>>> print(open('work-v6.csv').read())   # CSV, C-alpha atoms and all ligand atoms
chain,number,residue,atom,x,y,z
A,1,MET,CA,55.8,26.6,-155.4
A,2,SER,CA,53.4,23.9,-154.1
A,3,PHE,CA,52.2,21.0,-156.4
A,4,LEU,CA,49.7,19.9,-153.8
A,5,VAL,CA,46.2,19.7,-155.3
A,6,GLU,CA,43.2,20.3,-153.0
A,7,PRO,CA,40.8,17.4,-153.2
A,8,PRO,CA,37.5,18.4,-154.9
A,9,PRO,CA,34.8,19.3,-152.5
A,10,LEU,CA,32.3,16.6,-151.6
A,11,PRO,CA,28.9,17.0,-153.2
A,12,VAL,CA,27.2,17.4,-149.8
A,13,ARG,CA,25.9,20.4,-148.0
A,14,ALA,CA,28.4,22.0,-145.7
A,15,PHE,CA,27.2,22.8,-142.2
A,16,HIS,CA,28.7,25.7,-140.2
A,17,ASP,CA,29.5,25.1,-136.6
A,18,GLU,CA,26.7,27.4,-135.5
A,19,GLU,CA,24.2,25.3,-137.6
A,20,LEU,CA,25.5,22.1,-136.0
A,21,ALA,CA,25.1,23.6,-132.5
A,22,GLU,CA,21.5,24.5,-133.3
A,23,LEU,CA,20.8,21.0,-134.8
A,24,ASN,CA,22.4,19.4,-131.7
A,25,ALA,CA,20.0,21.2,-129.5
A,26,GLU,CA,17.1,20.2,-131.7
A,27,PHE,CA,18.2,16.6,-131.9
A,28,GLU,CA,17.8,16.3,-128.1
A,29,HIS,CA,14.0,15.9,-128.9
A,30,TRP,CA,14.3,13.7,-132.0
A,31,PRO,CA,14.1,9.9,-131.9
A,32,ALA,CA,17.2,8.0,-133.1
A,33,PRO,CA,15.7,6.9,-136.5
A,34,LYS,CA,14.9,10.5,-137.4
A,35,ILE,CA,18.4,11.6,-136.6
A,36,ILE,CA,19.9,8.8,-138.7
A,37,GLN,CA,17.5,9.7,-141.5
A,38,TRP,CA,18.8,13.3,-141.3
A,39,ALA,CA,22.4,12.0,-141.6
A,40,VAL,CA,21.6,9.7,-144.5
A,41,ASP,CA,19.6,12.4,-146.3
A,42,HIS,CA,22.5,14.9,-146.0
A,43,PHE,CA,25.6,12.8,-146.3
A,44,ALA,CA,25.1,9.4,-147.9
A,45,PRO,CA,27.0,7.9,-149.5
A,46,HIS,CA,29.8,9.9,-147.9
A,47,LEU,CA,28.7,8.5,-144.6
A,48,CYS,CA,29.5,5.5,-142.6
A,49,LEU,CA,28.8,3.9,-139.2
A,50,ALA,CA,31.6,2.8,-136.9
A,51,ALA,CA,30.6,-0.2,-134.9
A,52,SER,CA,32.3,-1.8,-131.9
A,53,MET,CA,30.2,-4.9,-132.0
A,54,GLN,CA,29.3,-4.9,-128.4
A,55,ASP,CA,25.8,-5.0,-129.6
A,56,ALA,CA,24.1,-4.3,-132.9
A,57,VAL,CA,21.5,-1.7,-131.7
A,58,VAL,CA,22.7,1.2,-133.8
A,59,ILE,CA,23.3,-1.1,-136.7
A,60,ASP,CA,19.7,-2.3,-136.4
A,61,LEU,CA,18.5,1.3,-136.3
A,62,ALA,CA,20.7,2.5,-139.2
A,63,THR,CA,20.0,-0.4,-141.6
A,64,LYS,CA,16.3,0.1,-141.1
A,65,VAL,CA,16.8,3.6,-142.5
A,66,ASP,CA,19.4,2.7,-145.1
A,67,PRO,CA,20.0,-1.0,-145.6
A,68,GLY,CA,23.2,-0.3,-147.7
A,69,ILE,CA,24.9,2.0,-145.2
A,70,GLU,CA,28.6,1.3,-144.9
A,71,VAL,CA,29.4,-0.2,-141.5
A,72,VAL,CA,33.1,0.0,-140.4
A,73,PHE,CA,34.6,-2.4,-138.0
A,74,ILE,CA,38.3,-2.0,-137.0
A,75,ASP,CA,39.9,-5.4,-136.6
A,76,THR,CA,42.8,-4.5,-134.3
A,77,GLY,CA,44.1,-8.0,-134.3
A,78,TYR,CA,43.5,-8.1,-130.6
A,79,HIS,CA,39.8,-8.8,-130.4
A,80,PHE,CA,38.2,-11.5,-128.3
A,81,PRO,CA,37.1,-14.5,-130.5
A,82,GLU,CA,33.5,-13.7,-129.3
A,83,THR,CA,33.7,-10.2,-130.8
A,84,LEU,CA,34.8,-11.6,-134.2
A,85,GLU,CA,32.0,-14.2,-134.0
A,86,THR,CA,29.6,-11.3,-133.3
A,87,VAL,CA,30.9,-9.4,-136.4
A,88,GLU,CA,30.0,-12.5,-138.5
A,89,ALA,CA,26.6,-13.0,-136.9
A,90,VAL,CA,25.7,-9.4,-137.4
A,91,ARG,CA,27.0,-9.4,-141.0
A,92,ARG,CA,24.8,-12.4,-141.8
A,93,ARG,CA,21.7,-11.1,-139.9
A,94,TYR,CA,21.6,-7.7,-141.7
A,95,GLY,CA,23.4,-8.5,-145.0
A,96,LEU,CA,25.8,-5.7,-144.0
A,97,ASN,CA,27.7,-3.6,-146.3
A,98,LEU,CA,30.7,-4.3,-143.9
A,99,ARG,CA,34.1,-2.7,-144.3
A,100,MET,CA,36.6,-4.5,-142.2
A,101,MET,CA,39.7,-2.3,-141.4
A,102,THR,CA,42.5,-4.8,-140.8
A,103,VAL,CA,45.7,-3.8,-139.2
A,104,ALA,CA,49.1,-4.7,-140.7
A,105,PRO,CA,51.3,-6.9,-138.5
A,106,HIS,CA,52.6,-4.8,-135.6
A,107,ASP,CA,54.6,-5.0,-132.4
A,108,GLU,CA,52.7,-7.5,-130.4
A,109,GLU,CA,53.8,-5.9,-127.1
A,110,LEU,CA,52.9,-2.3,-127.9
A,111,TRP,CA,49.7,-2.4,-125.9
A,112,LYS,CA,51.8,-3.5,-122.9
A,113,VAL,CA,54.4,-0.8,-123.0
A,114,ASP,CA,52.5,2.1,-124.6
A,115,PRO,CA,48.7,1.6,-124.9
A,116,GLU,CA,48.3,5.3,-125.8
A,117,ASN,CA,50.4,4.8,-129.0
A,118,CYS,CA,48.9,1.4,-129.6
A,119,CYS,CA,45.3,2.8,-129.7
A,120,SER,CA,46.5,5.7,-131.7
A,121,ALA,CA,48.3,3.6,-134.3
A,122,VAL,CA,45.9,0.7,-134.4
A,123,LYS,CA,42.4,2.1,-133.8
A,124,VAL,CA,42.5,5.8,-134.6
A,125,GLY,CA,44.8,5.3,-137.6
A,126,GLN,CA,42.4,2.8,-139.0
A,127,LEU,CA,39.4,5.0,-138.4
A,128,ASP,CA,41.2,7.9,-140.1
A,129,ARG,CA,41.7,5.6,-143.1
A,130,ALA,CA,38.1,4.5,-143.1
A,131,LEU,CA,36.9,8.1,-143.0
A,132,ALA,CA,39.0,9.3,-145.9
A,133,GLY,CA,36.6,10.7,-148.5
A,134,LYS,CA,33.7,10.8,-146.0
A,135,ALA,CA,31.8,13.9,-145.0
A,136,ALA,CA,30.2,12.4,-141.8
A,137,TRP,CA,30.2,9.3,-139.6
A,138,MET,CA,28.0,7.8,-136.9
A,139,SER,CA,28.6,5.8,-133.8
A,140,GLY,CA,26.7,4.2,-131.0
A,141,LEU,CA,28.4,6.3,-128.3
A,142,ARG,CA,26.1,7.1,-125.4
A,143,ARG,CA,26.3,9.6,-122.5
A,144,ALA,CA,25.3,6.9,-120.0
A,145,GLU,CA,28.4,4.8,-120.8
A,146,ALA,CA,30.9,6.8,-118.7
A,147,GLU,CA,31.4,10.1,-117.0
A,148,THR,CA,33.9,11.0,-119.8
A,149,ARG,CA,30.9,10.7,-122.3
A,150,ALA,CA,28.3,12.5,-120.1
A,151,THR,CA,28.2,15.6,-122.2
A,152,ALA,CA,28.7,14.0,-125.6
A,153,PRO,CA,26.9,15.9,-128.4
A,154,ILE,CA,24.4,14.2,-130.7
A,155,VAL,CA,25.9,16.0,-133.6
A,156,ALA,CA,29.1,18.0,-133.8
A,157,ARG,CA,32.3,18.5,-135.9
A,158,ASP,CA,35.1,16.1,-135.0
A,159,LEU,CA,38.8,17.0,-135.1
A,160,ARG,CA,39.1,15.9,-138.7
A,161,GLY,CA,36.5,18.5,-139.7
A,162,LEU,CA,33.9,15.7,-140.4
A,163,VAL,CA,30.3,15.8,-139.0
A,164,LYS,CA,30.0,13.2,-136.2
A,165,VAL,CA,26.6,11.9,-135.3
A,166,ASN,CA,25.8,9.9,-132.2
A,167,PRO,CA,22.1,9.0,-132.7
A,168,ILE,CA,21.6,7.2,-129.4
A,169,ALA,CA,23.7,9.5,-127.3
A,170,THR,CA,20.7,10.1,-125.0
A,171,TRP,CA,19.8,6.5,-124.5
A,172,SER,CA,20.0,4.9,-121.1
A,173,ASP,CA,21.2,1.4,-120.4
A,174,LEU,CA,17.5,0.4,-120.0
A,175,ASP,CA,16.7,1.9,-123.4
A,176,VAL,CA,19.3,-0.3,-125.0
A,177,GLU,CA,18.3,-3.4,-123.1
A,178,GLY,CA,14.6,-2.8,-124.1
A,179,TYR,CA,15.5,-2.2,-127.7
A,180,ILE,CA,17.6,-5.4,-127.8
A,181,ALA,CA,14.7,-7.4,-126.3
A,182,ASP,CA,12.0,-5.8,-128.5
A,183,HIS,CA,13.9,-6.2,-131.8
A,184,ASP,CA,15.9,-9.4,-131.1
A,185,VAL,CA,19.1,-7.6,-131.7
A,186,PRO,CA,22.4,-9.7,-131.7
A,187,VAL,CA,24.7,-8.9,-128.9
A,188,ASN,CA,28.3,-9.9,-128.0
A,189,PRO,CA,28.2,-13.1,-125.9
A,190,LEU,CA,30.8,-11.5,-123.6
A,191,LEU,CA,27.9,-9.4,-122.1
A,192,SER,CA,26.4,-12.5,-120.6
A,193,GLN,CA,29.8,-13.2,-118.9
A,194,GLY,CA,29.7,-10.0,-117.0
A,195,TYR,CA,31.7,-7.7,-119.3
A,196,THR,CA,30.0,-4.3,-119.6
A,197,SER,CA,32.3,-2.6,-122.1
A,198,ILE,CA,34.1,-4.6,-124.7
A,199,GLY,CA,37.3,-3.6,-126.5
A,200,CYS,CA,40.5,-5.4,-127.3
A,201,GLN,CA,41.2,-8.5,-125.3
A,202,PRO,CA,44.5,-7.4,-123.6
A,203,CYS,CA,42.9,-4.2,-122.4
A,204,THR,CA,39.4,-5.4,-121.4
A,205,PHE,CA,38.6,-6.9,-118.0
A,206,LEU,CA,35.5,-7.5,-116.0
A,207,PRO,CA,34.3,-4.2,-114.4
A,208,SER,CA,35.9,-3.4,-111.1
A,209,ASP,CA,33.2,-0.9,-110.2
A,210,PRO,CA,29.6,-2.0,-110.8
A,211,GLY,CA,28.6,1.6,-111.2
A,212,ASP,CA,31.1,2.3,-113.9
A,213,ALA,CA,30.6,0.1,-117.0
A,214,ARG,CA,34.0,1.1,-118.4
A,215,SER,CA,35.9,0.4,-115.3
A,216,GLY,CA,37.3,-2.8,-116.8
A,217,ARG,CA,38.8,-1.0,-119.8
A,218,TRP,CA,42.6,-0.4,-119.4
A,219,ALA,CA,42.2,-1.5,-115.8
A,220,GLY,CA,45.1,-0.3,-113.6
A,221,ARG,CA,46.1,2.4,-116.1
A,222,ASP,CA,45.2,6.1,-116.3
A,223,LYS,CA,43.7,5.5,-119.8
A,224,THR,CA,39.9,5.7,-120.1
A,225,GLU,CA,39.3,6.3,-123.9
A,226,CYS,CA,41.0,5.0,-127.0
A,227,GLY,CA,40.7,8.3,-128.9
A,228,LEU,CA,38.1,7.2,-131.5
A,229,HIS,CA,35.5,9.6,-130.2
A,230,ILE,CA,37.6,12.7,-129.5
B,301,LIG,S1,42.6,-1.2,-126.7
B,301,LIG,FE1,44.7,-2.1,-126.1
B,301,LIG,S2,45.2,-3.5,-127.8
B,301,LIG,FE2,43.5,-2.3,-128.5
B,301,LIG,S3,44.4,-0.7,-129.7
B,301,LIG,FE3,44.2,0.1,-127.6
B,301,LIG,S4,46.1,-0.4,-126.4
B,301,LIG,FE4,46.1,-1.6,-128.4
>>> encode(input="work-v6.csv", output="structure tokens")
Amino acid sequence: MSFLVEPPPLPVRAFHDEELAELNAEFEHWPAPKIIQWAVDHFAPHLCLAASMQDAVVIDLATKVDPGIEVVFIDTGYHFPETLETVEAVRRRYGLNLRMMTVAPHDEELWKVDPENCCSAVKVGQLDRALAGKAAWMSGLRRAEAETRATAPIVARDLRGLVKVNPIATWSDLDVEGYIADHDVPVNPLLSQGYTSIGCQPCTFLPSDPGDARSGRWAGRDKTECGLHI
């Protein structure tokens, strides 16, 4: 006999996979603010936005739709000081409802010997914790960022069963640069030092291939993704 009790269903509309596929096709033609508005209308407050703090484009867009939206940042303990400064600058600029996911002290060398498990324990584990009780989440993932992301959906179900929304999935690098300039959006100062994709300091290098923005991530290893967006 099991004493496990199922959690009560969230008071949000459930979407079948077929509906999500139809919406995904429709969202190809929607501007990002309208996609975010859809997510807020259907899932808030059981909705959050996971931010990498490379720039605040998706935060700028989302807070214009819902100023109180929960923004999650995973502090792995391995970030560049510039990234943590960006978190603070963005928090001040937008008066963010910021949820910092801090990681308990862990093996300092794990990223050296086993980056797969390091990401899994540090990043994905913290995201899982942040998403507990949520029905949906958003991120700034874009197809133009890497070949591994070229077919990323705008809306789909993730492996947890939550609805995952990527409102700027279709944006090009020029779209992002234009939005930053037009809206004076804060960016991580490492971008002006030549970094094109910013993660944890031990695993982030200047890009080795100018045509591949993520070529500086886990340089010299087979790894290309941390697992957050699977
Ligand atoms: S990016 Fe590197 S340091 Fe950060 S969690 Fe992954 S393996 Fe660990």
>>> atom_distance(input="work-v6.csv", atom1="CA of Thr76 in chain A", atom2="CA of Arg160 in chain A")
21.2 Å
>>> atom_distance(input="work-v6.csv", atom1="CA of Ile59 in chain A", atom2="CA of Ser215 in chain A")
24.9 Å
>>> residues_near_ligand(input="work-v6.csv", ligand="ligand LIG 301 (chain B)", cutoff="7 Å", atoms="all atoms listed in the file", output="MDAnalysis selection string")
chainID A and resid 76 78 110:111 115:116 118:119 122:123 199:203 226
>>> atom_distance(input="work-v6.csv", atom1="CA of Arg99 in chain A", atom2="CA of Asp128 in chain A")
13.4 Å
>>> residues_around(input="work-v6.csv", residues="Gly125 in chain A", least_positions_apart="3", cutoff="12 Å", atoms="all atoms listed in the file", output="mmCIF file with C-alpha atoms, in the coordinates of the input")
data_model
loop_
_atom_site.group_PDB
_atom_site.id
_atom_site.type_symbol
_atom_site.label_atom_id
_atom_site.label_comp_id
_atom_site.auth_asym_id
_atom_site.auth_seq_id
_atom_site.Cartn_x
_atom_site.Cartn_y
_atom_site.Cartn_z
ATOM 1 C CA ILE A 74 38.300 -2.000 -137.000
ATOM 2 C CA ASP A 75 39.900 -5.400 -136.600
ATOM 3 C CA THR A 76 42.800 -4.500 -134.300
ATOM 4 C CA MET A 101 39.700 -2.300 -141.400
ATOM 5 C CA THR A 102 42.500 -4.800 -140.800
ATOM 6 C CA VAL A 103 45.700 -3.800 -139.200
ATOM 7 C CA ALA A 104 49.100 -4.700 -140.700
ATOM 8 C CA ASN A 117 50.400 4.800 -129.000
ATOM 9 C CA CYS A 118 48.900 1.400 -129.600
ATOM 10 C CA CYS A 119 45.300 2.800 -129.700
ATOM 11 C CA SER A 120 46.500 5.700 -131.700
ATOM 12 C CA ALA A 121 48.300 3.600 -134.300
ATOM 13 C CA VAL A 122 45.900 0.700 -134.400
ATOM 14 C CA ASP A 128 41.200 7.900 -140.100
ATOM 15 C CA ARG A 129 41.700 5.600 -143.100
ATOM 16 C CA ALA A 130 38.100 4.500 -143.100
ATOM 17 C CA LEU A 131 36.900 8.100 -143.000
ATOM 18 C CA ALA A 132 39.000 9.300 -145.900
ATOM 19 C CA CYS A 226 41.000 5.000 -127.000
ATOM 20 C CA GLY A 227 40.700 8.300 -128.900
ATOM 21 C CA LEU A 228 38.100 7.200 -131.500
#
>>> residues_around(input="work-v6.csv", residues="Arg93 in chain A", least_positions_apart="4", cutoff="12 Å", atoms="only C-alpha atoms", output="count of residues only")
15
>>> closest_residue(input="work-v6.csv", among="A:Val113, A:Ile35, A:Val176, A:Ala146", to="Gly216 in chain A", atoms="all atoms listed in the file")
A:Ala146
>>> closest_residue(input="work-v6.csv", among="A:Val58, A:Leu10, A:Ala32, A:Ala136", to="Asp158 in chain A", atoms="only C-alpha atoms")
A:Ala136
>>> closest_atom_pairs(input="work-v6.csv", of="range 8-92 of chain A", to="range 161-164 of chain A", cutoff="10 Å", atoms="only C-alpha atoms", output="CSV")
residue,atom,partner,partner_atom,distance
A:Ala14,CA,A:Val163,CA,9.3
A:Phe15,CA,A:Val163,CA,8.3
A:Asp17,CA,A:Val163,CA,9.6
A:Leu20,CA,A:Val163,CA,8.5
A:Ala39,CA,A:Val163,CA,9.1
A:Phe43,CA,A:Val163,CA,9.2
A:Leu47,CA,A:Val163,CA,9.3
A:Leu49,CA,A:Lys164,CA,9.8
>>> write_last_selection(input="work-v6.csv", atoms="C-alpha atoms", output="PDB file, in the coordinates of the input")
ATOM      1  CA  ALA A  14      28.400  22.000-145.700  1.00  0.00           C
ATOM      2  CA  PHE A  15      27.200  22.800-142.200  1.00  0.00           C
ATOM      3  CA  ASP A  17      29.500  25.100-136.600  1.00  0.00           C
ATOM      4  CA  LEU A  20      25.500  22.100-136.000  1.00  0.00           C
ATOM      5  CA  ALA A  39      22.400  12.000-141.600  1.00  0.00           C
ATOM      6  CA  PHE A  43      25.600  12.800-146.300  1.00  0.00           C
ATOM      7  CA  LEU A  47      28.700   8.500-144.600  1.00  0.00           C
ATOM      8  CA  LEU A  49      28.800   3.900-139.200  1.00  0.00           C
TER       9      LEU A  49
END
>>> residues_near_point(input="work-v6.csv", point="(20.0, 20.0, -130.4)", cutoff="12 Å", atoms="only C-alpha atoms", output="MDAnalysis selection string")
chainID A and resid 18:31 35 152:156 165:167 169:170
>>> residues_around(input="work-v6.csv", residues="Ile168 in chain A", least_positions_apart="3", cutoff="7 Å", atoms="all atoms listed in the file", output="PyMOL selection string")
chain A and resi 32+140-142+171
>>> residues_around(input="work-v6.csv", residues="His46 in chain A", least_positions_apart="5", cutoff="8 Å", atoms="all atoms listed in the file", output="number ranges by chain")
A: 133-136
>>> build_atoms(input="work-v6.csv", residues="range 51-63 of chain A", atoms="N, CA and C atoms", output="PDB file, in the frame of the given file")
ATOM      1  N   ALA A  51      31.289   0.682-135.890  1.00  0.00           N
ATOM      2  CA  ALA A  51      30.600  -0.200-134.900  1.00  0.00           C
ATOM      3  C   ALA A  51      31.695  -0.920-134.066  1.00  0.00           C
ATOM      4  N   SER A  52      31.358  -1.067-132.782  1.00  0.00           N
ATOM      5  CA  SER A  52      32.300  -1.800-131.900  1.00  0.00           C
ATOM      6  C   SER A  52      31.919  -3.234-131.736  1.00  0.00           C
ATOM      7  N   MET A  53      30.705  -3.587-132.109  1.00  0.00           N
ATOM      8  CA  MET A  53      30.200  -4.900-132.000  1.00  0.00           C
ATOM      9  C   MET A  53      30.021  -5.423-130.589  1.00  0.00           C
ATOM     10  N   GLN A  54      29.755  -4.471-129.697  1.00  0.00           N
ATOM     11  CA  GLN A  54      29.300  -4.900-128.400  1.00  0.00           C
ATOM     12  C   GLN A  54      27.865  -5.334-128.441  1.00  0.00           C
ATOM     13  N   ASP A  55      27.098  -4.599-129.217  1.00  0.00           N
ATOM     14  CA  ASP A  55      25.800  -5.000-129.600  1.00  0.00           C
ATOM     15  C   ASP A  55      25.477  -4.378-130.950  1.00  0.00           C
ATOM     16  N   ALA A  56      24.340  -4.762-131.553  1.00  0.00           N
ATOM     17  CA  ALA A  56      24.100  -4.300-132.900  1.00  0.00           C
ATOM     18  C   ALA A  56      22.883  -3.278-132.897  1.00  0.00           C
ATOM     19  N   VAL A  57      22.676  -2.586-131.765  1.00  0.00           N
ATOM     20  CA  VAL A  57      21.500  -1.700-131.700  1.00  0.00           C
ATOM     21  C   VAL A  57      21.571  -0.592-132.734  1.00  0.00           C
ATOM     22  N   VAL A  58      22.685   0.113-132.811  1.00  0.00           N
ATOM     23  CA  VAL A  58      22.700   1.200-133.800  1.00  0.00           C
ATOM     24  C   VAL A  58      22.793   0.711-135.205  1.00  0.00           C
ATOM     25  N   ILE A  59      23.320  -0.485-135.386  1.00  0.00           N
ATOM     26  CA  ILE A  59      23.300  -1.100-136.700  1.00  0.00           C
ATOM     27  C   ILE A  59      21.872  -1.447-137.112  1.00  0.00           C
ATOM     28  N   ASP A  60      21.110  -1.998-136.168  1.00  0.00           N
ATOM     29  CA  ASP A  60      19.700  -2.300-136.400  1.00  0.00           C
ATOM     30  C   ASP A  60      18.929  -1.067-136.814  1.00  0.00           C
ATOM     31  N   LEU A  61      19.157  -0.004-136.049  1.00  0.00           N
ATOM     32  CA  LEU A  61      18.500   1.300-136.300  1.00  0.00           C
ATOM     33  C   LEU A  61      18.873   1.820-137.698  1.00  0.00           C
ATOM     34  N   ALA A  62      20.182   1.822-137.963  1.00  0.00           N
ATOM     35  CA  ALA A  62      20.700   2.500-139.200  1.00  0.00           C
ATOM     36  C   ALA A  62      20.293   1.686-140.438  1.00  0.00           C
ATOM     37  N   THR A  63      20.326   0.352-140.368  1.00  0.00           N
ATOM     38  CA  THR A  63      20.000  -0.400-141.600  1.00  0.00           C
ATOM     39  C   THR A  63      18.502  -0.393-141.868  1.00  0.00           C
TER      40      THR A  63
END
